[in-house]
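Single-structure report; data block below.
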Amino acid sequence: MKKLLLALFLGTVICAQGQVCTIDYSQTSPGIYPDTLPTATVGDFYDTDISFLFPTDTMGYDFTNFQIVSVNAPMGLDWECSNDANGCNYDPQVDPYGCARVWGTPLIPGQYDVEIGVIADLSIQSGNSTSFFVHIEVLPSIQSNAGFAMNPGFGCEDATVDFTNNNPSGNYTPIPNQTQGYLYSWDFGNGSQSSAENPGPETYTGAGDYYVDYSCIIDTFGFFLEEVTVNNVSCDDAVGYGNPDIYLYLFDGSGTLVHTSESNLNDSDLPTSWGMNVHLNNPPYTLQVWDDDSDNLWGTDDDNCVNGNEGSTASASIVLPAIDSYGTTTQVGSNGGLNFTYNINKPIIEINLTDTLTIYSNPPTPIINFDQNGTILSTDDLGYSYQWYLDGTPISGETSTSHTPITPGLYTVTAVDTNGCFSTSEEFDLEDLGLNNLELLGFNMYPNPASDQVKIVFDPSVELESVSLLDLTGRTLINESNIDNSSIVLNVADQTSGVYIVALKVISGQTYTSKLVIE
């Protein structure tokens, strides 16, 4: 059944005191290790470490600081660095090593490239933003039993489930008229059945419990002769020597003697039985029943119990039961005066199982609301976990019911419940950020593009709380909060060429943004 999802839906787990991750000091080249994280599984708690070896210099200039500002892990996973108390800042001149812990309970399966955002400072330049990536695969949950496995082990509406047979045939070839090999029967609980060894994926539409029935018959052993009981014979000892002393010969289809029973010299009354365990893998088989006359004074040749003759080779047939006759089958054989019964056993392995596949409902599709005055995107809090996306990429740290956008693009929000079922809103197209009404600020910014400095002018009546320079991932590179006139100058000479966002936040709470190109 569904594994319990842990941790992140129920609140943040507080780490124990001490080091939160283990650094791999065996690495000697600058980089991130490993570049591919261990595989995670939906519904299983996950905990792994990433090690960093920061470079100490480049082109003759020393690195003075590295700050890990984001780890864009799959939904349900969180992260923390080994120097969290210091804002995840690392001075490579003091110690070039660091690490981060990635942990939690992944919610949605898939292949993910985890983006690690870093701001690097050089002795001649600060605020250089860059990204590194590590890969992680999140597998669906798997539910398995002695018969089969379901992947995923539980699902959400319109789920497609793969079935793996845990009793494969190994390409076994049945023996004609003796074995049937592996026989399978599936009932998937959704109206679909199959007799295939490896059935294709099944689709389940609608929430509920589906009962999957599985049957596997392993018929590879063949037939075994277990017992022969002689009831009547046409042979006898001489007068005064009691009942015949009977023994048996069993021949296979090649005429080879494959079994001989000991002679019954105790003059037992009929019927009398012999137990055996002969694999009947080379039919047809024949049985000869003889009377041992070695204890007689005359007539020392043994008698054939079909017709009582000493030199006869008459025999009776051993017939195999129907190929689907499992267990023990009792049959009757005869020829002349010989009458006998025999038990043939056909052992099989039979596996019959029923397992439950639970399909859960998806959360209601969230609706994005837009507060034009505050430039805020929001959705109603219906008790789920949320993740905001820009152009299909998760926005690091944006897991509340609201988000303040800083760049134009297509925004969505995904609601995920405790079962890992999710619904994603329709795209909200935030164009040009002209919705910010920058003209209300008397805003002007020049030069644009800029290379060294950029001057921002605004209406003297506007009470600004801060002016910030951000990259397109939302990382703050410059933040100025001491603003007491109608203009401010930002020094952008240390920034690499590219497109940036200038964000002006007023004391009343609204944020207004505009693009800035740095050459």
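Letters for chains follow the order of the structure tokens (A, B, ...), residue numbers begin at 1 for each chain, and ligand numbers begin at 1 in the order shown.
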| said: Taking only stretch 262-478 of chain A into account, list the residues labelled helix (DSSP H, G or I) by DSSP (computed from the backbone), as an MDAnalysis selection string. | reply: chainID A and resid 434:436 438:441
What would the file look like if the residues just selected were written as a short mmCIF file (atom, residue, chain, number, x, y, z; two decimals), in the first residue's frame with N, CA and C atoms?
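Result file follows (selection.cif):
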data_model
loop_
_atom_site.label_atom_id
_atom_site.label_comp_id
_atom_site.auth_asym_id
_atom_site.auth_seq_id
_atom_site.Cartn_x
_atom_site.Cartn_y
_atom_site.Cartn_z
N GLY A 434 4.74 46.18 -17.35
CA GLY A 434 4.11 47.50 -17.43
C GLY A 434 2.97 47.61 -16.46
N LEU A 435 2.53 46.49 -15.96
CA LEU A 435 1.47 46.48 -14.95
C LEU A 435 1.94 47.13 -13.66
N ASN A 436 3.25 47.39 -13.55
CA ASN A 436 3.76 48.00 -12.33
C ASN A 436 3.41 49.49 -12.23
N LEU A 438 4.97 52.14 -13.48
CA LEU A 438 6.16 52.89 -13.08
C LEU A 438 6.00 54.40 -13.28
N GLU A 439 5.09 54.74 -14.20
CA GLU A 439 4.92 56.17 -14.44
C GLU A 439 4.39 56.89 -13.21
N LEU A 440 3.73 56.15 -12.31
CA LEU A 440 3.24 56.78 -11.08
C LEU A 440 4.39 57.22 -10.19
N LEU A 441 5.57 56.63 -10.39
CA LEU A 441 6.72 57.00 -9.58
C LEU A 441 7.50 58.16 -10.19
#
| Distance query A:Asn171 at most 12 Å, only C-alpha atoms, self and fewer than 4 positions along chain excluded, as a list in words |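 So, after excluding close chain neighbours, the residues are Asn167, Gly181, Tyr182, Glu197 and Thr220 of chain A.
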| task | Would you mind telling me which residue in A:Asn362, A:Asn198, A:Ser396, A:Asn243 lies nearest to A:Asp295 when using only C-alpha atoms? | result |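 Once distances to A:Asp295 are computed over only C-alpha atoms, the minimum belongs to A:Asn243.
Counting only C-alpha atoms and comparing A:Gln510, A:Gln178, A:Ser468, A:Gln495, the residue that lies closest to A:Ile323 is A:Gln178.
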| When DSSP works through the backbone of this structure, what residues of stretch 45-252 of chain A end up as strand (DSSP E or B), shown as a ChimeraX atom specification? | /A:46-53,57-58,61-72,77-81,89-90,97-104,110-122,128-139,143-144,148-151,155-156,159-165,181-187,193-194,202-204,208-219,224-232,246-251
| task | Counting only C-alpha atoms, figure out which residue out of A:Val416, A:Leu430, A:Cys156, A:Leu504 gets nearest to A:Thr203. | result | A:Cys156
| query | Skipping near chain neighbours, those fewer than 2 positions away, what residues fall within 9 Å of A:Thr64 using only C-alpha atoms, listed as a list in words? | reply |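 Neighbouring residues, sequence-local ones excluded: Thr56, Asp57, Asp62, Phe66, Tyr90, Asp91, Pro92, Gln93, Ala120, Asp121, Leu122, Ser123 and Ser126 of chain A.
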Next, dump the selected residues to file, keeping only N, CA, C and O atoms, as a PDB file, in the first residue's frame.
ATOM      1  N   THR A  56      40.355  28.982  -5.401  1.00  0.00           N
ATOM      2  CA  THR A  56      40.909  30.072  -4.591  1.00  0.00           C
ATOM      3  C   THR A  56      41.292  31.281  -5.427  1.00  0.00           C
ATOM      4  O   THR A  56      41.425  32.379  -4.887  1.00  0.00           O
ATOM      5  N   ASP A  57      41.474  31.088  -6.738  1.00  0.00           N
ATOM      6  CA  ASP A  57      41.842  32.228  -7.582  1.00  0.00           C
ATOM      7  C   ASP A  57      41.483  31.933  -9.027  1.00  0.00           C
ATOM      8  O   ASP A  57      41.219  30.778  -9.400  1.00  0.00           O
ATOM      9  N   ASP A  62      42.388  36.669  -6.539  1.00  0.00           N
ATOM     10  CA  ASP A  62      41.888  35.790  -5.492  1.00  0.00           C
ATOM     11  C   ASP A  62      40.371  35.884  -5.370  1.00  0.00           C
ATOM     12  O   ASP A  62      39.791  36.977  -5.472  1.00  0.00           O
ATOM     13  N   PHE A  66      32.421  33.028  -1.510  1.00  0.00           N
ATOM     14  CA  PHE A  66      31.377  32.345  -2.277  1.00  0.00           C
ATOM     15  C   PHE A  66      30.150  32.255  -1.390  1.00  0.00           C
ATOM     16  O   PHE A  66      30.251  31.855  -0.226  1.00  0.00           O
ATOM     17  N   TYR A  90      31.305  31.407   2.236  1.00  0.00           N
ATOM     18  CA  TYR A  90      32.530  30.641   2.416  1.00  0.00           C
ATOM     19  C   TYR A  90      33.714  31.460   1.902  1.00  0.00           C
ATOM     20  O   TYR A  90      33.674  31.983   0.780  1.00  0.00           O
ATOM     21  N   ASP A  91      34.747  31.564   2.709  1.00  0.00           N
ATOM     22  CA  ASP A  91      35.978  32.239   2.310  1.00  0.00           C
ATOM     23  C   ASP A  91      36.982  31.174   1.893  1.00  0.00           C
ATOM     24  O   ASP A  91      37.543  30.469   2.742  1.00  0.00           O
ATOM     25  N   PRO A  92      37.215  31.025   0.581  1.00  0.00           N
ATOM     26  CA  PRO A  92      38.104  29.943   0.138  1.00  0.00           C
ATOM     27  C   PRO A  92      39.553  30.147   0.556  1.00  0.00           C
ATOM     28  O   PRO A  92      40.337  29.190   0.532  1.00  0.00           O
ATOM     29  N   GLN A  93      39.934  31.385   0.935  1.00  0.00           N
ATOM     30  CA  GLN A  93      41.297  31.605   1.402  1.00  0.00           C
ATOM     31  C   GLN A  93      41.510  31.005   2.788  1.00  0.00           C
ATOM     32  O   GLN A  93      42.640  30.695   3.172  1.00  0.00           O
ATOM     33  N   ALA A 120      29.833  34.865  -6.414  1.00  0.00           N
ATOM     34  CA  ALA A 120      31.266  34.824  -6.140  1.00  0.00           C
ATOM     35  C   ALA A 120      31.830  36.237  -6.115  1.00  0.00           C
ATOM     36  O   ALA A 120      31.475  37.083  -6.939  1.00  0.00           O
ATOM     37  N   ASP A 121      32.712  36.479  -5.151  1.00  0.00           N
ATOM     38  CA  ASP A 121      33.410  37.768  -5.044  1.00  0.00           C
ATOM     39  C   ASP A 121      34.895  37.557  -5.286  1.00  0.00           C
ATOM     40  O   ASP A 121      35.517  36.642  -4.721  1.00  0.00           O
ATOM     41  N   LEU A 122      35.445  38.431  -6.154  1.00  0.00           N
ATOM     42  CA  LEU A 122      36.872  38.454  -6.399  1.00  0.00           C
ATOM     43  C   LEU A 122      37.485  39.660  -5.702  1.00  0.00           C
ATOM     44  O   LEU A 122      36.775  40.587  -5.301  1.00  0.00           O
ATOM     45  N   SER A 123      38.790  39.655  -5.604  1.00  0.00           N
ATOM     46  CA  SER A 123      39.462  40.782  -4.978  1.00  0.00           C
ATOM     47  C   SER A 123      39.260  42.068  -5.764  1.00  0.00           C
ATOM     48  O   SER A 123      39.382  43.171  -5.209  1.00  0.00           O
ATOM     49  N   SER A 126      32.957  42.083  -7.249  1.00  0.00           N
ATOM     50  CA  SER A 126      32.049  41.333  -6.386  1.00  0.00           C
ATOM     51  C   SER A 126      30.706  41.153  -7.071  1.00  0.00           C
ATOM     52  O   SER A 126      30.404  41.817  -8.066  1.00  0.00           O
TER      53      SER A 126
END
Spatial neighbours of A:Pro199, max dist 7 Å, only C-alpha atoms, sep filter under 3 positions, as an mmCIF file with N, CA, C and O atoms, in the first residue's frame:
data_model
loop_
_atom_site.group_PDB
_atom_site.id
_atom_site.type_symbol
_atom_site.label_atom_id
_atom_site.label_comp_id
_atom_site.auth_asym_id
_atom_site.auth_seq_id
_atom_site.Cartn_x
_atom_site.Cartn_y
_atom_site.Cartn_z
ATOM 1 N N PHE A 163 3.159 -2.912 -14.732
ATOM 2 C CA PHE A 163 3.153 -4.133 -13.935
ATOM 3 C C PHE A 163 4.370 -4.978 -14.301
ATOM 4 O O PHE A 163 4.651 -5.199 -15.480
ATOM 5 N N SER A 194 -5.703 -10.093 -18.765
ATOM 6 C CA SER A 194 -4.612 -10.508 -19.640
ATOM 7 C C SER A 194 -4.098 -11.867 -19.205
ATOM 8 O O SER A 194 -4.187 -12.236 -18.033
ATOM 9 N N ALA A 196 -0.919 -12.552 -20.521
ATOM 10 C CA ALA A 196 0.460 -12.359 -20.934
ATOM 11 C C ALA A 196 1.400 -12.466 -19.742
ATOM 12 O O ALA A 196 1.040 -12.162 -18.605
#
| Residues near A:Val230, cut-off 12 Å, only C-alpha atoms, skip fewer than 3 positions along chain, as a PyMOL selection string | chain A and resi 227+233-234+244-248+264+268-275+287-291+305-306+316+332-335+337-343
| message | Env of stretch 98-100 of chain A: 10 Å cut, atoms = only C-alpha atoms, seq-sep filter 4 positions within chain, self excluded. Answer as a list in words. | response |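 That gives Gln19, Val20, Cys21, Thr22, Ile23, Asp24, Tyr25, Ile32, Tyr33, Thr48, Asp49, Ile50, Ser51, Phe52, Leu53, Phe54, Ile68, Val71, Trp79, Glu80, Cys81, Ser82, Asn83, Asp84, Cys88, Asn89, Tyr90, Asp91 and Pro92 of chain A.
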| request: Find the spatial neighbours of A:Thr404, counting only C-alpha atoms, within a cut-off of 7 Å - ignore same-chain residues fewer than 2 positions away - and output them as a ChimeraX atom specification. | output: /A:375-377,402,406
Since we have the selection now, will you write its residues out, keeping all heavy atoms, as a CSV table (one decimal), in the first residue's frame?
chain,number,residue,atom,x,y,z
A,375,THR,N,1.5,44.3,-7.2
A,375,THR,CA,2.2,43.5,-8.1
A,375,THR,C,2.4,42.1,-7.5
A,375,THR,O,3.6,41.6,-7.4
A,375,THR,CB,3.5,44.1,-8.6
A,375,THR,OG1,3.3,45.5,-8.9
A,375,THR,CG2,4.0,43.4,-9.9
A,376,ILE,N,1.4,41.5,-7.0
A,376,ILE,CA,1.5,40.2,-6.3
A,376,ILE,C,0.6,39.2,-7.0
A,376,ILE,O,-0.5,39.4,-7.3
A,376,ILE,CB,1.1,40.4,-4.8
A,376,ILE,CG1,2.0,41.3,-4.1
A,376,ILE,CG2,1.1,39.0,-4.1
A,376,ILE,CD1,1.6,41.6,-2.7
A,377,LEU,N,1.2,38.0,-7.2
A,377,LEU,CA,0.4,36.8,-7.7
A,377,LEU,C,0.0,36.0,-6.5
A,377,LEU,O,0.9,35.8,-5.6
A,377,LEU,CB,1.2,36.0,-8.7
A,377,LEU,CG,1.7,36.7,-9.9
A,377,LEU,CD1,2.6,35.8,-10.7
A,377,LEU,CD2,0.5,37.2,-10.8
A,402,SER,N,1.5,33.0,-2.2
A,402,SER,CA,1.7,34.2,-3.0
A,402,SER,C,3.1,34.4,-3.5
A,402,SER,O,4.0,33.8,-2.9
A,402,SER,CB,1.3,35.4,-2.1
A,402,SER,OG,2.2,35.6,-1.0
A,406,ILE,N,9.4,39.4,-10.3
A,406,ILE,CA,10.4,40.4,-10.6
A,406,ILE,C,10.7,40.5,-12.1
A,406,ILE,O,11.6,41.3,-12.5
A,406,ILE,CB,11.6,40.2,-9.7
A,406,ILE,CG1,12.2,38.8,-10.1
A,406,ILE,CG2,11.3,40.3,-8.3
A,406,ILE,CD1,13.6,38.6,-9.6
